[in-house]
>>> print(open('work-v2.txt').read())   # compact mmCIF, C-alpha atoms and all ligand atoms
# COMPACT_ATOMS: atom_id res chain seq x y z
CA MET A 1 0.00 0.00 0.00
CA ALA A 2 1.47 3.38 -0.99
CA ALA A 3 2.21 5.22 2.22
CA ARG A 4 1.23 8.71 1.02
CA THR A 5 -1.98 7.79 -0.75
CA PRO A 6 -4.90 9.82 0.62
CA SER A 7 -7.08 7.31 2.34
CA ALA A 8 -10.27 6.98 4.29
CA ILE A 9 -8.28 5.10 6.90
CA ALA A 10 -7.89 7.45 9.82
CA LEU A 11 -4.92 5.61 11.27
CA PRO A 12 -2.46 4.22 8.72
CA LEU A 13 0.05 1.59 9.83
CA PRO A 14 3.23 3.44 10.85
CA GLU A 15 5.84 3.25 8.09
CA ALA A 16 8.52 2.42 10.62
CA THR A 17 6.77 -0.65 12.02
CA PRO A 18 9.68 -2.87 13.13
CA THR A 19 9.92 -6.62 12.55
CA PHE A 20 11.27 -9.07 15.11
CA VAL A 21 12.56 -12.23 13.43
CA ALA A 22 12.35 -15.26 15.72
CA PRO A 23 15.29 -17.68 15.80
CA ALA A 24 14.68 -20.68 13.54
CA ASP A 25 14.77 -23.19 16.40
CA TRP A 26 11.91 -21.63 18.38
CA GLN A 27 8.98 -23.97 19.04
CA ALA A 28 6.46 -21.67 20.73
CA ILE A 29 5.76 -18.01 21.48
CA ASP A 30 3.32 -16.91 24.21
CA PHE A 31 1.28 -13.71 24.09
CA ILE A 32 -0.31 -12.15 27.17
CA SER A 33 -1.66 -8.71 28.01
CA ASP A 34 -3.85 -6.73 30.37
CA LEU A 35 -2.80 -8.34 33.63
CA HIS A 36 -3.15 -4.97 35.36
CA LEU A 37 -0.82 -6.17 38.12
CA ALA A 38 -1.06 -4.28 41.40
CA ALA A 39 -0.35 -5.00 45.05
CA SER A 40 -4.08 -5.62 45.37
CA THR A 41 -3.99 -8.51 42.81
CA PRO A 42 -1.82 -11.15 44.52
CA ARG A 43 -3.46 -14.18 42.85
CA THR A 44 -3.05 -12.68 39.40
CA PHE A 45 0.57 -11.89 40.24
CA THR A 46 1.16 -15.47 41.39
CA ALA A 47 -0.31 -16.99 38.22
CA TRP A 48 1.72 -14.64 36.05
CA ALA A 49 4.95 -15.33 37.93
CA ALA A 50 4.34 -19.09 37.71
CA HIS A 51 3.68 -18.88 33.98
CA LEU A 52 6.81 -16.88 33.28
CA ARG A 53 8.81 -19.40 35.29
CA HIS A 54 7.26 -22.59 33.91
CA THR A 55 6.14 -21.89 30.35
CA ARG A 56 7.60 -24.19 27.72
CA ALA A 57 7.56 -21.36 25.20
CA ASP A 58 10.79 -19.84 23.92
CA ALA A 59 9.46 -16.33 24.45
CA VAL A 60 6.71 -14.42 26.20
CA PHE A 61 5.51 -11.28 24.44
CA ILE A 62 3.64 -8.99 26.85
CA LEU A 63 1.37 -6.77 24.75
CA GLY A 64 0.64 -3.97 27.20
CA ASP A 65 -0.99 -3.19 30.54
CA LEU A 66 1.16 -5.65 32.45
CA PHE A 67 0.92 -3.10 35.26
CA GLU A 68 -2.21 -1.33 36.47
CA VAL A 69 -0.16 1.83 36.79
CA TRP A 70 3.50 2.79 36.34
CA VAL A 71 4.60 6.29 37.28
CA GLY A 72 8.36 5.89 36.81
CA ASP A 73 11.06 3.24 36.98
CA ASP A 74 11.99 4.28 40.54
CA LEU A 75 8.78 2.46 41.54
CA ALA A 76 10.76 -0.75 41.05
CA GLU A 77 13.19 0.10 43.84
CA GLY A 78 10.95 -1.60 46.39
CA GLY A 79 7.64 -3.17 47.26
CA PHE A 80 5.30 -4.88 44.82
CA GLU A 81 6.89 -3.43 41.70
CA ALA A 82 10.31 -4.72 42.77
CA ARG A 83 8.86 -8.22 43.05
CA CYS A 84 7.38 -7.90 39.55
CA VAL A 85 10.70 -6.74 38.15
CA GLY A 86 12.39 -9.66 39.87
CA VAL A 87 10.01 -12.05 38.08
CA LEU A 88 10.79 -10.39 34.75
CA ARG A 89 14.53 -10.55 35.38
CA ASP A 90 14.50 -14.23 36.39
CA ALA A 91 12.38 -15.19 33.38
CA ALA A 92 14.47 -13.13 30.96
CA ALA A 93 17.53 -15.09 32.07
CA THR A 94 16.12 -18.28 30.51
CA LYS A 95 13.84 -17.09 27.68
CA MET A 96 13.03 -13.98 25.71
CA ILE A 97 10.69 -11.61 27.52
CA ALA A 98 9.38 -8.77 25.36
CA PHE A 99 7.42 -5.81 26.71
CA MET A 100 5.06 -3.55 24.76
CA ALA A 101 3.62 -0.59 26.62
CA GLY A 102 -0.12 -0.30 27.16
CA ASN A 103 -2.19 2.70 28.14
CA ARG A 104 -1.59 1.99 31.85
CA ASP A 105 2.14 1.33 31.80
CA PHE A 106 3.47 3.49 28.96
CA LEU A 107 5.90 5.12 31.40
CA VAL A 108 7.90 1.91 31.82
CA GLY A 109 11.37 3.09 30.81
CA ASP A 110 14.08 1.60 28.65
CA ALA A 111 16.40 1.71 31.66
CA MET A 112 14.25 -0.69 33.69
CA LEU A 113 13.79 -3.05 30.75
CA GLU A 114 17.47 -3.08 29.79
CA ALA A 115 18.62 -3.56 33.37
CA ASN A 116 16.49 -6.70 33.60
CA GLY A 117 17.11 -8.21 30.19
CA VAL A 118 13.63 -7.43 28.85
CA THR A 119 13.29 -6.53 25.16
CA ARG A 120 11.31 -3.40 24.25
CA LEU A 121 8.61 -4.03 21.66
CA ARG A 122 7.25 -1.03 19.74
CA ASP A 123 3.51 -0.66 19.14
CA PRO A 124 2.75 -1.89 16.53
CA SER A 125 5.38 -4.51 15.65
CA LEU A 126 5.66 -7.43 13.27
CA ILE A 127 6.88 -10.82 14.41
CA ALA A 128 8.23 -13.30 11.87
CA ALA A 129 8.16 -16.93 13.00
CA PHE A 130 6.99 -20.36 11.84
CA ALA A 131 7.25 -19.31 8.18
CA THR A 132 4.74 -16.49 8.56
CA ARG A 133 4.36 -13.05 10.12
CA VAL A 134 1.90 -11.53 12.56
CA LEU A 135 1.16 -7.93 13.53
CA VAL A 136 0.94 -7.17 17.25
CA SER A 137 -0.35 -4.12 19.09
CA HIS A 138 -1.74 -3.23 22.49
CA GLY A 139 -4.84 -2.05 20.66
CA ASP A 140 -5.70 1.24 22.32
CA ALA A 141 -4.46 3.25 19.34
CA LEU A 142 -7.03 1.45 17.16
CA CYS A 143 -10.00 2.40 19.36
CA LEU A 144 -10.75 5.52 17.34
CA ASP A 145 -14.33 5.90 18.57
CA ASP A 146 -13.03 6.71 22.05
CA VAL A 147 -12.38 10.31 21.01
CA ALA A 148 -11.69 11.64 24.51
CA TYR A 149 -9.18 8.87 25.15
CA GLN A 150 -7.38 9.43 21.83
CA ARG A 151 -7.00 13.12 22.69
CA TYR A 152 -5.61 12.18 26.13
CA ARG A 153 -3.28 9.60 24.52
CA ARG A 154 -1.78 12.16 22.13
CA VAL A 155 -1.03 14.48 25.05
CA VAL A 156 0.44 11.99 27.52
CA ARG A 157 2.68 10.33 24.93
CA ARG A 158 4.56 13.59 24.33
CA SER A 159 8.14 13.04 25.45
CA GLY A 160 8.51 16.54 26.91
CA LEU A 161 5.47 16.10 29.09
CA GLN A 162 6.68 12.65 30.16
CA ARG A 163 10.07 14.07 31.15
CA ALA A 164 8.37 16.80 33.17
CA PHE A 165 6.13 14.24 34.90
CA LEU A 166 9.02 11.88 35.65
CA SER A 167 10.98 14.72 37.23
CA LEU A 168 8.31 15.12 39.93
CA PRO A 169 8.82 13.45 43.32
CA LEU A 170 7.60 9.83 43.39
CA ALA A 171 4.91 10.62 46.00
CA TRP A 172 3.41 13.26 43.70
CA ARG A 173 3.50 10.90 40.74
CA ARG A 174 1.76 8.18 42.76
CA ALA A 175 -0.94 10.68 43.76
CA LEU A 176 -1.38 11.87 40.17
CA GLY A 177 -1.58 8.24 39.02
CA ARG A 178 -4.31 7.52 41.59
CA ALA A 179 -6.21 10.65 40.52
CA ALA A 180 -6.00 9.64 36.85
CA ARG A 181 -7.37 6.18 37.65
CA ARG A 182 -10.19 7.61 39.77
CA ARG A 183 -11.15 9.82 36.85
CA SER A 184 -11.04 6.84 34.49
CA ASP A 185 -13.09 4.74 36.93
CA SER A 186 -15.72 7.45 37.22
CA LEU A 187 -16.10 7.41 33.45
CA HIS A 188 -16.15 3.59 33.41
CA PRO A 189 -17.48 2.59 36.84
CA SER A 190 -17.07 -1.17 36.56
CA ARG A 191 -13.82 -3.04 36.02
CA GLU A 192 -15.84 -5.26 33.70
CA ARG A 193 -16.88 -2.20 31.76
CA ARG A 194 -17.61 -2.41 28.08
CA PHE A 195 -14.63 -1.07 26.23
CA VAL A 196 -14.80 0.77 22.97
CA ASP A 197 -13.74 -1.80 20.36
CA VAL A 198 -11.05 -1.37 17.75
CA ASP A 199 -12.05 0.51 14.61
CA ALA A 200 -12.88 -2.04 11.91
CA ASP A 201 -11.56 0.00 8.96
CA ALA A 202 -8.32 0.98 10.68
CA THR A 203 -7.75 -2.62 11.77
CA ARG A 204 -8.31 -4.00 8.26
CA GLY A 205 -6.08 -1.22 6.93
CA TRP A 206 -3.23 -2.21 9.24
CA VAL A 207 -3.50 -5.88 8.34
CA ALA A 208 -3.64 -5.10 4.62
CA ALA A 209 -0.71 -2.66 4.81
CA ALA A 210 1.38 -5.15 6.77
CA ASP A 211 0.25 -7.94 4.44
CA VAL A 212 -0.11 -10.41 7.31
CA PRO A 213 -2.76 -13.05 8.04
CA VAL A 214 -2.96 -12.32 11.78
CA LEU A 215 -3.34 -9.34 14.12
CA ILE A 216 -2.96 -9.93 17.86
CA HIS A 217 -3.99 -7.27 20.36
CA GLY A 218 -5.30 -6.77 23.88
CA HIS A 219 -6.75 -3.73 25.64
CA THR A 220 -10.45 -4.38 25.01
CA HIS A 221 -10.75 -7.22 27.56
CA ALA A 222 -12.95 -9.05 25.06
CA PRO A 223 -11.05 -12.26 24.25
CA ALA A 224 -12.16 -13.76 20.94
CA SER A 225 -10.89 -14.54 17.48
CA HIS A 226 -12.56 -12.66 14.66
CA ALA A 227 -12.29 -13.17 10.91
CA LEU A 228 -11.15 -9.87 9.39
CA ALA A 229 -11.29 -10.82 5.75
CA PRO A 230 -10.88 -14.09 3.87
CA GLY A 231 -7.59 -15.50 5.15
CA SER A 232 -7.01 -13.04 7.99
CA VAL A 233 -7.93 -13.18 11.64
CA ARG A 234 -7.78 -10.92 14.70
CA HIS A 235 -6.93 -12.65 17.97
CA VAL A 236 -7.96 -10.56 20.99
CA LEU A 237 -6.14 -11.47 24.19
CA SER A 238 -7.88 -12.03 27.50
CA ASP A 239 -7.29 -9.77 30.44
CA TRP A 240 -6.30 -11.54 33.66
CA ASP A 241 -8.09 -11.25 36.99
CA LEU A 242 -7.92 -13.96 39.64
CA ASP A 243 -8.60 -11.56 42.50
CA GLY A 244 -12.35 -11.36 42.61
CA ASN A 245 -13.24 -8.69 40.08
CA GLY A 246 -15.80 -10.70 38.13
CA THR A 247 -15.28 -14.13 36.60
CA PRO A 248 -11.75 -15.43 37.30
CA ARG A 249 -9.81 -15.32 34.05
CA ALA A 250 -6.23 -15.81 32.91
CA GLU A 251 -5.28 -16.98 29.45
CA VAL A 252 -2.23 -17.28 27.24
CA LEU A 253 -2.33 -17.23 23.44
CA ARG A 254 0.33 -19.68 22.29
CA TRP A 255 1.75 -19.56 18.76
CA THR A 256 3.45 -22.63 17.32
CA ALA A 257 4.04 -24.03 13.85
CA GLN A 258 0.57 -25.60 14.20
CA GLY A 259 -1.10 -22.21 14.69
CA PHE A 260 -2.66 -20.49 17.68
CA ALA A 261 -4.14 -21.97 20.86
CA ARG A 262 -5.63 -20.36 23.94
CA ILE A 263 -4.23 -22.11 26.99
CA ALA A 264 -4.32 -21.73 30.76
CA PRO A 265 -1.20 -20.31 32.37
CA GLU A 266 1.37 -22.98 33.13
CA GLY A 267 2.53 -23.80 36.63
CA SER A 268 -0.54 -22.23 38.23
CA ALA A 269 -1.17 -25.18 40.56
CA GLU A 270 1.92 -24.28 42.54
CA GLY A 271 1.21 -22.69 45.85
CA ASP A 272 4.68 -21.44 46.60
CA THR A 273 5.20 -18.66 44.09
CA ALA A 274 3.24 -15.92 45.80
CA HIS A 275 6.36 -14.47 47.38
CA PRO A 276 9.32 -15.18 45.10
MN MN B 301 -5.16 -1.16 27.79
>>> encode(input="work-v2.txt", output="structure tokens")
Amino acid sequence: MAARTPSAIALPLPEATPTFVAPADWQAIDFISDLHLAASTPRTFTAWAAHLRHTRADAVFILGDLFEVWVGDDLAEGGFEARCVGVLRDAAATKMIAFMAGNRDFLVGDAMLEANGVTRLRDPSLIAAFATRVLVSHGDALCLDDVAYQRYRRVVRRSGLQRAFLSLPLAWRRALGRAARRRSDSLHPSRERRFVDVDADATRGWVAAADVPVLIHGHTHAPASHALAPGSVRHVLSDWDLDGNGTPRAEVLRWTAQGFARIAPEGSAEGDTAHP
């Protein structure tokens, strides 16, 4: 697709969409997203930590909103976030762990990822493996009908504003993060709220421009696989919540040479991983 062609598509695929090429000997790649980890979600944390430790996959690609909130890498110096970073670091020592930012954790910094061996994944990205390619995204950028959110997203992703925010004392940033979530919760009162879905035209446009048979995204908390066009499919990842906010749910999308399968997290039966 010619990049400069005037188009009805409101959100063309970025020209600089990077491709990650998987090593030829990989057998499986796991995709997860929307765990919304917080100190108040210990069961979800435990299942996630167990999966990262025990998965048979060669890589785990985290497609955004791993954390409920992230207001700067100095969060990881102690407490719950330090335990999460420890899980990432231990897992990254034995397999590839890739992190794509979501709308809750877009302030996770390169410094934290690099220090712990985690690979940064741009949104969107292409992944080449098993003799094909897939397009991956968190998905929030595609939700064009959420006009207020898209305006907010454009503002908060400005690097100058992010630098200014990150220069504030941690206590202020925590308070601002809480205030932002309260505002979001007042707009969407239930955690099981109905999310705006991805824009159908923009999604088809991305898949056509990338010339891939598969798009994988999260964000909408509406796990399902949808046909996009003959020969192309959109796999929507499940959010995770094992801490009492609605139906318990935790799911991994596993990609192998045989295709895609939705599986339960591995190693979840263990009772000893709550406090690694
Ligand atoms: Mn999200």
>>> residues_around(input="work-v2.txt", residues="A:Ala57", least_positions_apart="3", cutoff="7 Å", atoms="all atoms listed in the file", output="PyMOL selection string")
chain A and resi 27-30
>>> closest_residue(input="work-v2.txt", among="A:Ala76, A:Val60, A:Ala227, A:Leu237", to="ligand MN 301 (chain B)", atoms="all atoms listed in the file")
A:Leu237
>>> closest_residue(input="work-v2.txt", among="A:Asp105, A:Asp241, A:Asp25, A:Glu15", to="ligand MN 301 (chain B)", atoms="all atoms listed in the file")
A:Asp105
>>> closest_residue(input="work-v2.txt", among="A:Ala39, A:Trp240, A:Ala131, A:Glu114", to="A:Gly78", atoms="all atoms listed in the file")
A:Ala39
>>> residues_near_ligand(input="work-v2.txt", ligand="ligand MN 301 (chain B)", cutoff="8 Å", atoms="all atoms listed in the file", output="PyMOL selection string")
chain A and resi 34+64-65+102-104+138-140+218-220
>>> closest_residue(input="work-v2.txt", among="A:Val214, A:Ala10, A:Ala180, A:Leu166", to="A:Glu68", atoms="all atoms listed in the file")
A:Ala180
>>> atom_distance(input="work-v2.txt", atom1="atom CA of A:Ser159", atom2="atom CA of A:Leu107")
10.2 Å
>>> residues_around(input="work-v2.txt", residues="A:Asp243", least_positions_apart="6", cutoff="7 Å", atoms="only C-alpha atoms", output="list of chain:residue names")
A:Thr41, A:Arg43, A:Thr44
>>> atom_distance(input="work-v2.txt", atom1="atom CA of A:Phe99", atom2="atom CA of A:Arg122")
8.5 Å
>>> atom_distance(input="work-v2.txt", atom1="atom CA of A:Asn116", atom2="atom CA of A:Arg249")
27.7 Å
>>> closest_residue(input="work-v2.txt", among="A:Leu142, A:Met112, A:Ala47, A:Ala202", to="A:Leu35", atoms="all atoms listed in the file")
A:Ala47
>>> closest_residue(input="work-v2.txt", among="A:Ala101, A:Ala175, A:Ala250, A:Ala208", to="A:His221", atoms="all atoms listed in the file")
A:Ala250
>>> residues_near_point(input="work-v2.txt", point="(-3.7, -21.7, 27.2)", cutoff="7 Å", atoms="all atoms listed in the file", output="PyMOL selection string")
chain A and resi 251-254+261-265
>>> residues_around(input="work-v2.txt", residues="A:Asp58", least_positions_apart="2", cutoff="12 Å", atoms="all atoms listed in the file", output="number ranges by chain")
A: 22-31, 52-56, 60-61, 91-98, 129, 254-256
